[in-house]
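*Asks:* Hey, dropping start-v7.cif in here, mmCIF, N, CA and C atoms and all ligand atoms:
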data_coords
#
loop_
_atom_site.label_atom_id
_atom_site.label_comp_id
_atom_site.auth_asym_id
_atom_site.auth_seq_id
_atom_site.Cartn_x
_atom_site.Cartn_y
_atom_site.Cartn_z
N MET A 1 52.83 189.57 99.85
CA MET A 1 52.94 189.36 98.41
C MET A 1 52.12 190.40 97.65
N ALA A 2 50.84 190.51 98.02
CA ALA A 2 49.96 191.43 97.28
C ALA A 2 50.46 192.86 97.36
N THR A 3 51.15 193.22 98.45
CA THR A 3 51.60 194.60 98.60
C THR A 3 52.67 194.96 97.58
N ASN A 4 53.27 193.95 96.94
CA ASN A 4 54.29 194.21 95.93
C ASN A 4 53.73 194.17 94.51
N ARG A 5 52.41 194.06 94.40
CA ARG A 5 51.84 193.93 93.05
C ARG A 5 50.79 195.00 92.78
N THR A 6 50.72 195.36 91.51
CA THR A 6 49.64 196.24 91.08
C THR A 6 49.11 195.73 89.75
N PHE A 7 48.02 196.32 89.30
CA PHE A 7 47.39 195.91 88.05
C PHE A 7 47.28 197.12 87.14
N THR A 8 47.53 196.91 85.84
CA THR A 8 47.42 198.01 84.88
C THR A 8 46.67 197.58 83.64
N MET A 9 46.09 198.53 82.97
CA MET A 9 45.60 198.33 81.60
C MET A 9 46.16 199.47 80.75
N LEU A 10 46.67 199.12 79.57
CA LEU A 10 46.93 200.13 78.54
C LEU A 10 45.62 200.24 77.80
N LYS A 11 45.02 201.42 77.87
CA LYS A 11 43.64 201.62 77.44
C LYS A 11 43.55 201.77 75.91
N PRO A 12 42.32 201.72 75.36
CA PRO A 12 42.17 201.73 73.90
C PRO A 12 42.89 202.88 73.19
N ASP A 13 42.94 204.06 73.76
CA ASP A 13 43.62 205.18 73.08
C ASP A 13 45.13 204.95 72.98
N ALA A 14 45.70 204.26 73.98
CA ALA A 14 47.14 203.98 73.96
C ALA A 14 47.48 202.97 72.86
N ILE A 15 46.61 201.96 72.71
CA ILE A 15 46.82 200.95 71.67
C ILE A 15 46.62 201.60 70.30
N GLU A 16 45.49 202.29 70.15
CA GLU A 16 45.12 202.92 68.88
C GLU A 16 46.19 203.93 68.43
N GLY A 17 46.76 204.64 69.40
CA GLY A 17 47.76 205.65 69.08
C GLY A 17 49.16 205.09 68.83
N GLY A 18 49.31 203.78 68.95
CA GLY A 18 50.62 203.17 68.70
C GLY A 18 51.62 203.39 69.82
N ASN A 19 51.12 203.65 71.02
CA ASN A 19 52.01 203.98 72.14
C ASN A 19 52.28 202.82 73.10
N ALA A 20 51.73 201.64 72.81
CA ALA A 20 51.85 200.54 73.77
C ALA A 20 53.30 200.17 74.05
N GLY A 21 54.11 200.06 73.00
CA GLY A 21 55.50 199.65 73.19
C GLY A 21 56.27 200.66 74.03
N LYS A 22 56.08 201.93 73.74
CA LYS A 22 56.80 202.98 74.49
C LYS A 22 56.36 202.99 75.95
N ILE A 23 55.07 202.79 76.20
CA ILE A 23 54.57 202.79 77.58
C ILE A 23 55.11 201.57 78.34
N LEU A 24 55.09 200.41 77.70
CA LEU A 24 55.61 199.21 78.37
C LEU A 24 57.11 199.37 78.65
N ASP A 25 57.84 199.94 77.72
CA ASP A 25 59.27 200.15 77.92
C ASP A 25 59.53 201.06 79.12
N LEU A 26 58.73 202.11 79.24
CA LEU A 26 58.87 203.03 80.38
C LEU A 26 58.57 202.31 81.69
N ILE A 27 57.50 201.52 81.69
CA ILE A 27 57.11 200.78 82.91
C ILE A 27 58.24 199.84 83.33
N ILE A 28 58.78 199.09 82.38
CA ILE A 28 59.85 198.12 82.69
C ILE A 28 61.12 198.86 83.12
N SER A 29 61.40 199.98 82.48
CA SER A 29 62.62 200.74 82.82
C SER A 29 62.56 201.31 84.23
N LYS A 30 61.36 201.46 84.78
CA LYS A 30 61.19 201.97 86.15
C LYS A 30 61.23 200.85 87.18
N GLY A 31 61.51 199.62 86.73
CA GLY A 31 61.73 198.53 87.69
C GLY A 31 60.53 197.62 87.93
N PHE A 32 59.46 197.81 87.18
CA PHE A 32 58.30 196.92 87.33
C PHE A 32 58.53 195.66 86.51
N LYS A 33 58.25 194.50 87.12
CA LYS A 33 58.37 193.23 86.42
C LYS A 33 56.98 192.74 86.02
N ILE A 34 56.88 192.20 84.82
CA ILE A 34 55.59 191.72 84.32
C ILE A 34 55.34 190.31 84.86
N LYS A 35 54.25 190.15 85.60
CA LYS A 35 53.89 188.84 86.17
C LYS A 35 52.80 188.16 85.37
N ALA A 36 52.03 188.96 84.62
CA ALA A 36 50.96 188.42 83.78
C ALA A 36 50.65 189.49 82.75
N MET A 37 50.24 189.06 81.54
CA MET A 37 49.91 190.06 80.51
C MET A 37 49.01 189.44 79.45
N LYS A 38 48.02 190.21 78.97
CA LYS A 38 47.23 189.76 77.82
C LYS A 38 46.69 190.93 77.02
N PHE A 39 46.54 190.66 75.72
CA PHE A 39 45.90 191.59 74.78
C PHE A 39 44.47 191.11 74.63
N THR A 40 43.52 191.97 74.95
CA THR A 40 42.13 191.53 75.00
C THR A 40 41.21 192.69 74.67
N HIS A 41 39.94 192.39 74.48
CA HIS A 41 38.95 193.42 74.18
C HIS A 41 37.80 193.23 75.15
N LEU A 42 37.60 194.19 76.03
CA LEU A 42 36.56 194.04 77.06
C LEU A 42 35.17 194.06 76.44
N SER A 43 34.31 193.18 76.91
CA SER A 43 32.89 193.25 76.57
C SER A 43 32.25 194.36 77.40
N GLU A 44 31.05 194.76 77.01
CA GLU A 44 30.34 195.78 77.81
C GLU A 44 30.13 195.29 79.24
N ALA A 45 29.77 194.02 79.38
CA ALA A 45 29.53 193.48 80.73
C ALA A 45 30.82 193.49 81.56
N GLN A 46 31.93 193.16 80.93
CA GLN A 46 33.21 193.17 81.66
C GLN A 46 33.60 194.59 82.08
N ALA A 47 33.45 195.55 81.17
CA ALA A 47 33.82 196.93 81.51
C ALA A 47 32.94 197.47 82.63
N LYS A 48 31.64 197.17 82.56
CA LYS A 48 30.72 197.62 83.63
C LYS A 48 31.12 197.02 84.97
N GLU A 49 31.46 195.75 84.97
CA GLU A 49 31.83 195.07 86.21
C GLU A 49 33.17 195.59 86.75
N PHE A 50 34.14 195.76 85.85
CA PHE A 50 35.46 196.22 86.28
C PHE A 50 35.35 197.58 86.97
N TYR A 51 34.51 198.48 86.41
CA TYR A 51 34.39 199.85 86.92
C TYR A 51 33.14 200.04 87.77
N ILE A 52 32.67 198.97 88.39
CA ILE A 52 31.40 199.01 89.13
C ILE A 52 31.40 200.10 90.22
N GLU A 53 32.59 200.37 90.81
CA GLU A 53 32.65 201.38 91.87
C GLU A 53 32.26 202.77 91.34
N HIS A 54 32.32 202.97 90.02
CA HIS A 54 31.97 204.26 89.43
C HIS A 54 30.55 204.29 88.85
N ALA A 55 29.75 203.27 89.14
CA ALA A 55 28.44 203.12 88.49
C ALA A 55 27.54 204.34 88.66
N GLU A 56 27.68 205.05 89.77
CA GLU A 56 26.80 206.22 90.00
C GLU A 56 27.40 207.53 89.48
N ARG A 57 28.61 207.47 88.97
CA ARG A 57 29.27 208.70 88.49
C ARG A 57 28.72 209.10 87.13
N PRO A 58 28.69 210.40 86.83
CA PRO A 58 28.11 210.85 85.56
C PRO A 58 28.87 210.36 84.32
N PHE A 59 30.16 210.02 84.50
CA PHE A 59 30.96 209.61 83.34
C PHE A 59 30.96 208.09 83.13
N TYR A 60 30.18 207.35 83.91
CA TYR A 60 30.24 205.88 83.85
C TYR A 60 29.91 205.34 82.44
N GLY A 61 28.85 205.84 81.83
CA GLY A 61 28.47 205.37 80.50
C GLY A 61 29.55 205.65 79.47
N GLU A 62 30.09 206.86 79.53
CA GLU A 62 31.17 207.27 78.63
C GLU A 62 32.41 206.39 78.85
N LEU A 63 32.70 206.09 80.12
CA LEU A 63 33.86 205.27 80.47
C LEU A 63 33.72 203.86 79.91
N VAL A 64 32.54 203.27 80.06
CA VAL A 64 32.30 201.91 79.56
C VAL A 64 32.38 201.90 78.03
N GLU A 65 31.82 202.91 77.40
CA GLU A 65 31.85 202.98 75.93
C GLU A 65 33.30 203.08 75.43
N TYR A 66 34.06 203.93 76.10
CA TYR A 66 35.47 204.11 75.73
C TYR A 66 36.29 202.84 75.95
N MET A 67 36.11 202.20 77.10
CA MET A 67 36.92 201.04 77.43
C MET A 67 36.57 199.81 76.58
N THR A 68 35.42 199.85 75.90
CA THR A 68 35.04 198.76 75.00
C THR A 68 35.23 199.15 73.53
N SER A 69 35.82 200.32 73.28
CA SER A 69 35.93 200.83 71.91
C SER A 69 37.05 200.17 71.11
N GLY A 70 37.93 199.45 71.78
CA GLY A 70 39.04 198.79 71.11
C GLY A 70 39.78 197.92 72.10
N PRO A 71 40.76 197.16 71.61
CA PRO A 71 41.49 196.26 72.51
C PRO A 71 42.35 197.01 73.53
N ILE A 72 42.68 196.31 74.58
CA ILE A 72 43.54 196.82 75.65
C ILE A 72 44.65 195.79 75.93
N ILE A 73 45.67 196.22 76.67
CA ILE A 73 46.63 195.28 77.25
C ILE A 73 46.45 195.32 78.76
N ALA A 74 46.17 194.18 79.35
CA ALA A 74 46.04 194.06 80.81
C ALA A 74 47.28 193.39 81.36
N ALA A 75 47.75 193.84 82.53
CA ALA A 75 48.96 193.24 83.09
C ALA A 75 49.00 193.36 84.60
N ILE A 76 49.63 192.38 85.23
CA ILE A 76 49.97 192.44 86.65
C ILE A 76 51.47 192.76 86.73
N LEU A 77 51.79 193.75 87.55
CA LEU A 77 53.18 194.23 87.69
C LEU A 77 53.67 194.02 89.11
N GLU A 78 54.95 193.75 89.25
CA GLU A 78 55.54 193.54 90.57
C GLU A 78 56.73 194.45 90.79
N LYS A 79 56.76 195.04 91.97
CA LYS A 79 57.86 195.93 92.38
C LYS A 79 57.62 196.24 93.86
N ASP A 80 58.66 196.57 94.60
CA ASP A 80 58.43 197.06 95.96
C ASP A 80 57.52 198.29 95.89
N ASN A 81 56.55 198.37 96.78
CA ASN A 81 55.66 199.55 96.84
C ASN A 81 54.94 199.76 95.50
N ALA A 82 54.52 198.66 94.87
CA ALA A 82 54.02 198.70 93.49
C ALA A 82 52.85 199.66 93.28
N VAL A 83 51.85 199.60 94.15
CA VAL A 83 50.64 200.41 93.92
C VAL A 83 50.98 201.90 93.92
N ALA A 84 51.66 202.35 94.96
CA ALA A 84 51.96 203.79 95.07
C ALA A 84 52.96 204.23 94.01
N ASP A 85 53.98 203.42 93.78
CA ASP A 85 54.99 203.81 92.79
C ASP A 85 54.39 203.85 91.38
N PHE A 86 53.46 202.94 91.10
CA PHE A 86 52.86 202.95 89.76
C PHE A 86 51.91 204.14 89.60
N ARG A 87 51.17 204.46 90.65
CA ARG A 87 50.31 205.66 90.57
C ARG A 87 51.17 206.91 90.32
N ALA A 88 52.33 206.96 90.95
CA ALA A 88 53.23 208.11 90.72
C ALA A 88 53.72 208.12 89.28
N LEU A 89 54.00 206.94 88.72
CA LEU A 89 54.49 206.86 87.35
C LEU A 89 53.41 207.24 86.33
N ILE A 90 52.15 206.90 86.61
CA ILE A 90 51.11 207.23 85.61
C ILE A 90 50.66 208.69 85.72
N GLY A 91 50.69 209.29 86.89
CA GLY A 91 50.31 210.69 87.04
C GLY A 91 48.82 210.87 87.26
N ALA A 92 48.41 212.12 87.39
CA ALA A 92 47.02 212.47 87.71
C ALA A 92 46.07 212.00 86.61
N THR A 93 44.81 211.76 87.01
CA THR A 93 43.78 211.27 86.09
C THR A 93 43.68 212.16 84.85
N ASP A 94 43.70 213.48 85.09
CA ASP A 94 43.61 214.46 84.00
C ASP A 94 45.03 214.81 83.54
N PRO A 95 45.37 214.52 82.28
CA PRO A 95 46.75 214.80 81.84
C PRO A 95 47.15 216.26 81.99
N ALA A 96 46.17 217.14 81.99
CA ALA A 96 46.49 218.57 82.18
C ALA A 96 47.06 218.83 83.57
N GLU A 97 46.77 217.92 84.51
CA GLU A 97 47.27 218.06 85.88
C GLU A 97 48.41 217.08 86.19
N ALA A 98 48.78 216.26 85.23
CA ALA A 98 49.80 215.23 85.47
C ALA A 98 51.20 215.84 85.40
N ALA A 99 52.09 215.35 86.27
CA ALA A 99 53.46 215.87 86.33
C ALA A 99 54.25 215.48 85.08
N ASP A 100 55.25 216.29 84.78
CA ASP A 100 56.15 216.00 83.65
C ASP A 100 56.77 214.62 83.81
N GLY A 101 56.88 213.91 82.71
CA GLY A 101 57.52 212.60 82.72
C GLY A 101 56.58 211.45 83.04
N THR A 102 55.36 211.76 83.51
CA THR A 102 54.42 210.68 83.81
C THR A 102 53.79 210.16 82.51
N ILE A 103 53.29 208.93 82.59
CA ILE A 103 52.72 208.31 81.38
C ILE A 103 51.53 209.11 80.86
N ARG A 104 50.69 209.59 81.78
CA ARG A 104 49.53 210.35 81.31
C ARG A 104 49.93 211.70 80.72
N LYS A 105 50.95 212.33 81.30
CA LYS A 105 51.43 213.59 80.73
C LYS A 105 51.96 213.36 79.31
N LEU A 106 52.67 212.23 79.14
CA LEU A 106 53.29 211.94 77.85
C LEU A 106 52.28 211.47 76.81
N TYR A 107 51.30 210.65 77.23
CA TYR A 107 50.50 209.93 76.24
C TYR A 107 48.99 210.10 76.34
N ALA A 108 48.45 210.63 77.43
CA ALA A 108 46.99 210.71 77.54
C ALA A 108 46.44 211.84 76.67
N GLU A 109 45.23 211.63 76.15
CA GLU A 109 44.56 212.64 75.33
C GLU A 109 43.71 213.57 76.18
N SER A 110 43.08 213.02 77.21
CA SER A 110 42.12 213.78 78.01
C SER A 110 41.88 213.05 79.32
N LYS A 111 41.07 213.65 80.19
CA LYS A 111 40.76 213.02 81.48
C LYS A 111 40.05 211.68 81.27
N GLY A 112 39.23 211.58 80.24
CA GLY A 112 38.54 210.32 79.96
C GLY A 112 39.45 209.34 79.24
N ARG A 113 40.06 209.80 78.17
CA ARG A 113 40.94 208.95 77.34
C ARG A 113 42.37 209.15 77.83
N ASN A 114 42.69 208.48 78.92
CA ASN A 114 43.94 208.81 79.63
C ASN A 114 44.98 207.69 79.64
N ALA A 115 44.99 206.90 78.58
CA ALA A 115 46.10 206.00 78.22
C ALA A 115 46.30 204.77 79.09
N VAL A 116 46.12 204.92 80.41
CA VAL A 116 46.54 203.83 81.29
C VAL A 116 45.72 203.81 82.57
N HIS A 117 45.53 202.59 83.09
CA HIS A 117 44.90 202.39 84.40
C HIS A 117 45.95 201.94 85.39
N GLY A 118 45.81 202.34 86.64
CA GLY A 118 46.63 201.80 87.73
C GLY A 118 45.78 201.61 88.96
N SER A 119 45.92 200.48 89.61
CA SER A 119 45.13 200.20 90.83
C SER A 119 45.39 201.27 91.88
N ASP A 120 44.35 201.58 92.68
CA ASP A 120 44.48 202.65 93.67
C ASP A 120 44.79 202.14 95.08
N ALA A 121 44.84 200.82 95.28
CA ALA A 121 45.11 200.25 96.61
C ALA A 121 45.45 198.77 96.43
N ASP A 122 46.06 198.17 97.45
CA ASP A 122 46.40 196.75 97.37
C ASP A 122 45.17 195.88 97.12
N ALA A 123 44.06 196.22 97.78
CA ALA A 123 42.85 195.41 97.62
C ALA A 123 42.32 195.51 96.19
N SER A 124 42.41 196.69 95.60
CA SER A 124 41.98 196.87 94.21
C SER A 124 42.89 196.08 93.28
N ALA A 125 44.18 196.12 93.54
CA ALA A 125 45.15 195.39 92.70
C ALA A 125 44.83 193.90 92.71
N GLU A 126 44.50 193.39 93.87
CA GLU A 126 44.16 191.97 94.02
C GLU A 126 42.88 191.64 93.23
N ARG A 127 41.84 192.45 93.43
CA ARG A 127 40.57 192.23 92.74
C ARG A 127 40.73 192.35 91.23
N GLU A 128 41.41 193.39 90.80
CA GLU A 128 41.53 193.67 89.36
C GLU A 128 42.42 192.63 88.66
N GLY A 129 43.48 192.19 89.34
CA GLY A 129 44.32 191.15 88.77
C GLY A 129 43.55 189.85 88.61
N ALA A 130 42.78 189.50 89.63
CA ALA A 130 42.00 188.26 89.60
C ALA A 130 40.85 188.35 88.59
N PHE A 131 40.40 189.58 88.32
CA PHE A 131 39.34 189.79 87.33
C PHE A 131 39.82 189.37 85.95
N HIS A 132 41.08 189.61 85.64
CA HIS A 132 41.61 189.38 84.29
C HIS A 132 42.42 188.10 84.13
N PHE A 133 42.96 187.57 85.23
CA PHE A 133 43.88 186.44 85.11
C PHE A 133 43.54 185.29 86.05
N ALA A 134 43.62 184.08 85.50
CA ALA A 134 43.53 182.88 86.33
C ALA A 134 44.89 182.66 87.00
N PRO A 135 44.91 181.94 88.11
CA PRO A 135 46.19 181.73 88.81
C PRO A 135 47.28 181.16 87.90
N ASN A 136 46.93 180.28 86.99
CA ASN A 136 47.96 179.68 86.13
C ASN A 136 48.39 180.58 84.97
N GLU A 137 47.89 181.81 84.92
CA GLU A 137 48.35 182.80 83.92
C GLU A 137 49.28 183.84 84.55
N ILE A 138 49.57 183.67 85.86
CA ILE A 138 50.42 184.63 86.58
C ILE A 138 51.75 183.93 86.87
N PHE A 139 52.85 184.58 86.44
CA PHE A 139 54.16 183.91 86.51
C PHE A 139 55.15 184.68 87.39
P1 LIG B 201 42.05 206.93 87.98
O1 LIG B 201 42.05 206.11 86.69
O2 LIG B 201 43.09 208.01 87.96
O3 LIG B 201 42.09 206.08 89.21
P2 LIG B 201 39.22 207.34 88.54
O4 LIG B 201 38.68 208.54 89.25
O5 LIG B 201 39.29 206.04 89.27
O6 LIG B 201 40.66 207.74 87.99
O7 LIG B 201 38.36 207.17 87.22
C1 LIG B 201 38.45 205.98 86.44
C2 LIG B 201 38.54 206.38 84.99
O8 LIG B 201 37.32 207.01 84.59
C3 LIG B 201 39.61 207.40 84.63
O9 LIG B 201 40.90 206.84 84.48
C4 LIG B 201 39.07 207.98 83.34
O10 LIG B 201 39.32 207.12 82.22
C5 LIG B 201 37.57 208.01 83.62
N1 LIG B 201 37.15 209.30 84.16
C6 LIG B 201 37.37 209.78 85.42
N2 LIG B 201 36.87 211.02 85.57
C7 LIG B 201 36.31 211.34 84.37
C8 LIG B 201 35.62 212.49 83.89
O11 LIG B 201 35.42 213.49 84.61
N3 LIG B 201 35.18 212.45 82.60
C9 LIG B 201 35.39 211.35 81.78
N4 LIG B 201 36.03 210.25 82.21
C10 LIG B 201 36.49 210.24 83.47
MG MG B 202 40.72 204.72 89.95
#
Starting from the coordinates I provided, produce the structure as structure tokens.
Ligand code: IDP
Ligand code: MG

*Replies:*
Amino acid sequence: MATNRTFTMLKPDAIEGGNAGKILDLIISKGFKIKAMKFTHLSEAQAKEFYIEHAERPFYGELVEYMTSGPIIAAILEKDNAVADFRALIGATDPAEAADGTIRKLYAESKGRNAVHGSDADASAEREGAFHFAPNEIF
């Protein structure tokens, strides 16, 4: 089951830029089904915990500040090969390196403000989905 699911966030720059609808439409058009979704605003404690694996990286403070700068949309997505296929759809972390047609190529502003999150492995998808959603919020 978990191998067919991934977790995403439309980040503050995507919401602020008015791109949420277009990004969701692209995601759905590529065959991902929405299993859970919410519009929310991360607290500093939540952003720090969500990105705890990056705590020692030089950009951690900047990342937490950015991810708490405005609301986000969090969602669990389902599709065969969800994690890998969604990473392919979002493109490289830095939009300057992202392939044509990817969400980050289309909508990201920079390596930091890069429009969208996608889980990097099945275990991350499981952890990140459970971080944002209770079992009775997943359909
Ligand atoms: P990913 O989102 O493509 O998996 P990660 O390396 O896991 O990339 O980094 C998590 C997030 O941290 C990125 O999506 C981006 O928002 C931010 N980030 C990564 N590298 C940098 C950087 O060099 N400067 C500023 N922010 C960064
Ligand atoms: Mg990552």

*Asks:* Neighbours of ligand LIG 201 (chain B) at 7 Å or closer, counting all atoms listed in the file: which residues, as a list in words?

*Replies:* Pro58, Phe59, Tyr60, Glu62, Leu63, Gly91, Ala92, Thr93, Asp94, Lys111, Gly112, Arg113, Asn114, Ala115, Val116, His117, Gly118, Ser119 and Asp120 of chain A

*Asks:* Could you tell me how far atom CA of Thr40 of chain A lies from atom N of Asn81 of chain A, in Å and to one decimal?

*Replies:*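 Separating atom CA of Thr40 of chain A from atom N of Asn81 of chain A is a distance of 27.0 Å.
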
*Asks:* Leu77 of chain A: which residues within 7 Å, counting all atoms listed in the file, same-chain residues fewer than 4 positions away excluded, as a list in words?

*Replies:* Asn4, Arg5, Thr6, Phe7, Thr8, Phe32, Lys33, Ile34, Lys35, Ala36 and Ala82 of chain A

*Asks:* Find, counting only N, CA and C atoms and all ligand atoms, the residue in A:Leu42, A:Val64, A:Ala121, A:Ile27 that gets nearest to ligand MG 202 (chain B).

*Replies:*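 Of A:Leu42, A:Val64, A:Ala121, A:Ile27, the one nearest ligand MG 202 (chain B), counting only N, CA and C atoms and all ligand atoms, is A:Ala121.
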
*Asks:* Report as a ChimeraX atom specification: the residues of segment 6-138 of chain A with a DSSP assignment of helix (DSSP H, G or I), based on the backbone of this structure.

*Replies:* /A:12-16,20-29,44-50,52-54,60-67,82-90,95-97,103-107,122-132,135-137

*Asks:* What does the structure give for the distance between atom N of His132 of chain A and atom CA of Phe86 of chain A, in Å to one decimal?

*Replies:*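 So the answer is 18.3 Å.
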
*Asks:* Could you check the closest approach to Gly70 of chain A for each of A:Lys11, A:His54, A:Lys22, A:Arg87 and tell me which residue wins, using only N, CA and C atoms?

*Replies:* A:Lys11

*Asks:* If you run DSSP on this backbone, which residues of segment 13-123 of chain A come out as strand (DSSP E or B), and could you give them as a list in words?

*Replies:*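 Here is the list: Lys33, Ile34, Lys35, Ala36, Met37, Lys38, Phe39, Thr40, Ile72, Ile73, Ala74, Ala75, Ile76, Leu77, Glu78, Val116, His117 and Gly118 of chain A.
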
*Asks:* Would you mind reading off the distance between atom N of Pro12 of chain A and atom CA of Phe131 of chain A, one decimal, in Å?

*Replies:*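 These two atoms are separated by 17.2 Å.
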
*Asks:* Tell me which protein, DNA and RNA residues are within 7 Å of His41 of chain A, counting all atoms listed in the file, leaving out same-chain ones fewer than 2 positions away, and put them as a ChimeraX atom specification.

*Replies:* /A:39,43,67-68,70-72

*Asks:* Set the distance at 6.5 Å and use all atoms listed in the file: which residues neighbour Gly31 of chain A once local chain neighbours fewer than 4 positions away are removed? I'd like the list as an MDAnalysis selection string.

*Replies:* chainID A and resid 26:27 78:79
